[in-house]
Amino acid sequence: DSNPLKYKRVLLKLSGEALMGPGQFGIDIPTCEKFAHAIKAAQDSGSEICLVIGGGNIFRGVAGAAKGMERAQADSMGMLATIMNALAMQSVLESIGVPTRVQSAIRMESICEPYIRRRAQRHMEKGRVVIFAAGIGNPFFTTDTGAALRAIEMNCDALLKGTQVDGVYTADPKIDANATRYDEVGYQELLAKDLRVMDPSAVSLMRDNNIPIVVFSLKEEGSLLKVLHGKGTSTTIT
Ligand code: UDP
């Protein structure tokens, strides 16, 4: 192949907010369709993809706790939000002919499969997009950590973190005009400088298991495919 894949098996992490599109809340189906087409193109190019989607477009545990809810209870609601997002993406992916399975860390047998590592691996080998819902199934964690854990368990070649910006910057580019983008940055430097592109616990899990994290922009058309081929603008955390 004259155009080989840099990463064959990947986990794509989307925040819940990515699904809002132009809205302020909830799920924008045209936006989900855009992601679904990008995922289909990536799959057609020979990569195996699994997904973790956050829940921040619907509910965040910390926000509930700030308003007086018990944190663990609020986090359960956050995890339920991620299941809603997973079902929406499943529906949209299947509407364009991409076979999918949703596996939830919280058992919910009548609407999706429970998380079973070896079964998820088998789905991926068969060319199904596996969507991991409910994070790791425990309160006080985030879907970033869930994404890191599942990427490791699925033996992924990389964790792809789709964001609103095209990589990791030395400072927030919206605030500091002199901020520059890293092409590559070490896990340790990222943690030491507290460059918060992903939860520190997720970054340290990836560091301990030596799997790169690629931060790239979801706004740019075709960016996912480029990242898979080691092209385009992004930051690789290694
Ligand atoms: N959550 C949790 N345990 C997990 C994953 C998520 O308790 O393993 C809850 C937590 O309340 C979190 C919410 O689910 O705020 C939504 O996930 P997250 O904030 O990671 O979503 P994102 O920021 O990616 O949209």
# chains A, B, ... in the order shown; residues from 1 in each chain; ligands from 1

call {"tool": "closest_atom_pairs", "arguments": {"of": "region 151-225 of chain A", "to": "region 39-61 of chain A", "cutoff": "9 Å", "atoms": "only C-alpha atoms", "output": "tab-separated table"}}
result
residue	atom	partner	partner_atom	distance
A:Ala151	CA	A:Cys50	CA	8.4
A:Met154	CA	A:Cys50	CA	8.7
A:Cys156	CA	A:Ile49	CA	8.9
A:Gly222	CA	A:Ala41	CA	8.7
A:Leu224	CA	A:Ala42	CA	7.0
A:Leu225	CA	A:Ala42	CA	5.4

call {"tool": "residues_near_ligand", "arguments": {"ligand": "ligand 1", "cutoff": "10 Å", "atoms": "only C-alpha atoms and all ligand atoms", "output": "ChimeraX atom specification"}}
result
/A:13-19,52-65,71-83,85,105-106,133-147,149,198-199

call {"tool": "write_last_selection", "arguments": {"atoms": "C-alpha atoms", "output": "compact mmCIF listing (two decimals), in the first residue's frame"}}
result
# COMPACT_ATOMS: atom_id res chain seq x y z
CA LYS A 13 -12.67 9.72 22.33
CA LEU A 14 -15.34 12.34 21.71
CA SER A 15 -16.57 14.62 24.46
CA GLY A 16 -20.30 14.78 24.96
CA GLU A 17 -20.12 18.44 23.99
CA ALA A 18 -18.87 17.48 20.54
CA LEU A 19 -22.34 16.04 19.85
CA VAL A 52 -15.88 6.41 23.92
CA ILE A 53 -18.27 9.34 24.13
CA GLY A 54 -18.55 11.60 27.16
CA GLY A 55 -21.77 12.89 28.69
CA GLY A 56 -21.10 16.57 29.31
CA ASN A 57 -23.72 17.63 26.76
CA ILE A 58 -26.37 16.18 29.07
CA PHE A 59 -25.08 15.87 32.61
CA ARG A 60 -21.80 16.14 34.54
CA GLY A 61 -21.35 14.75 38.02
CA VAL A 62 -19.37 17.71 39.33
CA ALA A 63 -22.07 20.13 38.16
CA GLY A 64 -24.76 18.15 40.00
CA ALA A 65 -22.57 17.99 43.11
CA ARG A 71 -21.42 13.36 44.08
CA ALA A 72 -21.66 9.60 43.57
CA GLN A 73 -25.35 9.93 42.74
CA ALA A 74 -24.67 12.77 40.30
CA ASP A 75 -21.90 10.73 38.67
CA SER A 76 -24.37 7.89 38.11
CA MET A 77 -26.51 10.36 36.19
CA GLY A 78 -23.45 11.42 34.21
CA MET A 79 -22.80 7.80 33.28
CA LEU A 80 -26.42 7.38 32.17
CA ALA A 81 -25.90 10.43 29.93
CA THR A 82 -23.01 8.67 28.18
CA ILE A 83 -25.30 5.72 27.44
CA ASN A 85 -24.99 9.47 23.59
CA ALA A 105 -19.93 -0.65 32.00
CA ILE A 106 -23.29 -0.50 33.81
CA ALA A 133 -20.65 3.52 27.33
CA ALA A 134 -20.84 4.47 31.03
CA GLY A 135 -17.13 5.20 31.38
CA ILE A 136 -15.56 2.68 33.72
CA GLY A 137 -18.84 2.30 35.61
CA ASN A 138 -17.64 3.96 38.81
CA PRO A 139 -18.28 7.43 40.20
CA PHE A 140 -15.38 9.87 40.66
CA PHE A 141 -13.99 8.96 37.24
CA THR A 142 -14.39 10.52 33.83
CA THR A 143 -14.83 9.21 30.34
CA ASP A 144 -11.23 10.25 29.59
CA THR A 145 -10.11 7.61 32.05
CA GLY A 146 -12.66 5.22 30.57
CA ALA A 147 -11.20 5.89 27.13
CA LEU A 149 -8.65 2.01 30.07
CA MET A 198 -7.04 15.10 29.11
CA ASP A 199 -7.49 14.03 32.71

call {"tool": "select_by_dssp", "arguments": {"residues": "chain A", "states": "strand (DSSP E or B)", "output": "count of residues only"}}
result
42

call {"tool": "closest_residue", "arguments": {"among": "A:Ala158, A:Ile29, A:Ala148, A:Lys219", "to": "Pro200 (chain A)", "atoms": "only C-alpha atoms"}}
result
A:Ala148

call {"tool": "closest_residue", "arguments": {"among": "A:Ala38, A:Val102, A:Leu5, A:Leu190", "to": "His123 (chain A)", "atoms": "only C-alpha atoms"}}
result
A:Val102

call {"tool": "atom_distance", "arguments": {"atom1": "CA of Arg128 (chain A)", "atom2": "CA of Val165 (chain A)"}}
result
28.4 Å

call {"tool": "residues_around", "arguments": {"residues": "region 167-180 of chain A", "least_positions_apart": "2", "cutoff": "6 Å", "atoms": "only C-alpha atoms", "output": "number ranges by chain"}}
result
A: 165, 182, 215-216, 234-235

call {"tool": "write_last_selection", "arguments": {"atoms": "N, CA and C atoms", "output": "JSON list (two decimals), in the first residue's frame"}}
result
[["chain", "number", "residue", "atom", "x", "y", "z"],
["A", 165, "VAL", "N", -9.61, 22.11, 19.24],
["A", 165, "VAL", "CA", -8.35, 22.66, 18.73],
["A", 165, "VAL", "C", -7.48, 21.56, 18.13],
["A", 182, "TYR", "N", 2.51, 22.03, 20.14],
["A", 182, "TYR", "CA", 3.53, 20.97, 20.15],
["A", 182, "TYR", "C", 3.20, 19.98, 19.01],
["A", 215, "VAL", "N", -3.91, 14.20, 19.88],
["A", 215, "VAL", "CA", -4.92, 15.25, 20.04],
["A", 215, "VAL", "C", -5.08, 15.95, 18.70],
["A", 216, "PHE", "N", -6.31, 15.99, 18.20],
["A", 216, "PHE", "CA", -6.54, 16.58, 16.88],
["A", 216, "PHE", "C", -7.88, 17.31, 16.86],
["A", 234, "SER", "N", -1.68, 17.88, 14.40],
["A", 234, "SER", "CA", -2.11, 17.27, 15.65],
["A", 234, "SER", "C", -0.92, 17.31, 16.61],
["A", 235, "THR", "N", -1.18, 16.90, 17.84],
["A", 235, "THR", "CA", -0.08, 16.71, 18.79],
["A", 235, "THR", "C", -0.08, 15.27, 19.24]]

call {"tool": "closest_residue", "arguments": {"among": "A:Ser104, A:Ile96, A:Ile213, A:Leu218", "to": "Thr31 (chain A)", "atoms": "only C-alpha atoms"}}
result
A:Leu218

call {"tool": "atom_distance", "arguments": {"atom1": "CA of Gly230 (chain A)", "atom2": "CA of Gly97 (chain A)"}}
result
26.3 Å

call {"tool": "atom_distance", "arguments": {"atom1": "CA of Ser201 (chain A)", "atom2": "CA of Ala66 (chain A)"}}
result
21.8 Å

call {"tool": "residues_around", "arguments": {"residues": "Ile152 (chain A)", "least_positions_apart": "6", "cutoff": "8 Å", "atoms": "only C-alpha atoms", "output": "PyMOL selection string"}}
result
chain A and resi 206+209+211

call {"tool": "write_last_selection", "arguments": {"atoms": "N, CA and C atoms", "output": "short mmCIF file (atom, residue, chain, number, x, y, z; two decimals), in the first residue's frame"}}
result
data_model
loop_
_atom_site.label_atom_id
_atom_site.label_comp_id
_atom_site.auth_asym_id
_atom_site.auth_seq_id
_atom_site.Cartn_x
_atom_site.Cartn_y
_atom_site.Cartn_z
N MET A 206 -2.03 5.93 30.16
CA MET A 206 -1.45 5.76 28.83
C MET A 206 0.08 5.70 28.90
N ASN A 209 1.31 2.37 30.10
CA ASN A 209 1.11 1.29 29.11
C ASN A 209 1.69 1.65 27.75
N ILE A 211 1.09 3.83 25.30
CA ILE A 211 0.26 3.98 24.10
C ILE A 211 0.13 5.48 23.81
#

call {"tool": "closest_residue", "arguments": {"among": "A:Gln164, A:Leu11, A:Ile27, A:Leu205", "to": "Glu220 (chain A)", "atoms": "only C-alpha atoms"}}
result
A:Gln164

call {"tool": "residues_around", "arguments": {"residues": "Gln103 (chain A)", "least_positions_apart": "2", "cutoff": "10 Å", "atoms": "only C-alpha atoms", "output": "ChimeraX atom specification"}}
result
/A:83,86,100-101,105-109,111-117,119-120,130-134

call {"tool": "closest_residue", "arguments": {"among": "A:Arg207, A:Lys231, A:Lys126, A:Arg150", "to": "Asp183 (chain A)", "atoms": "only C-alpha atoms"}}
result
A:Lys231
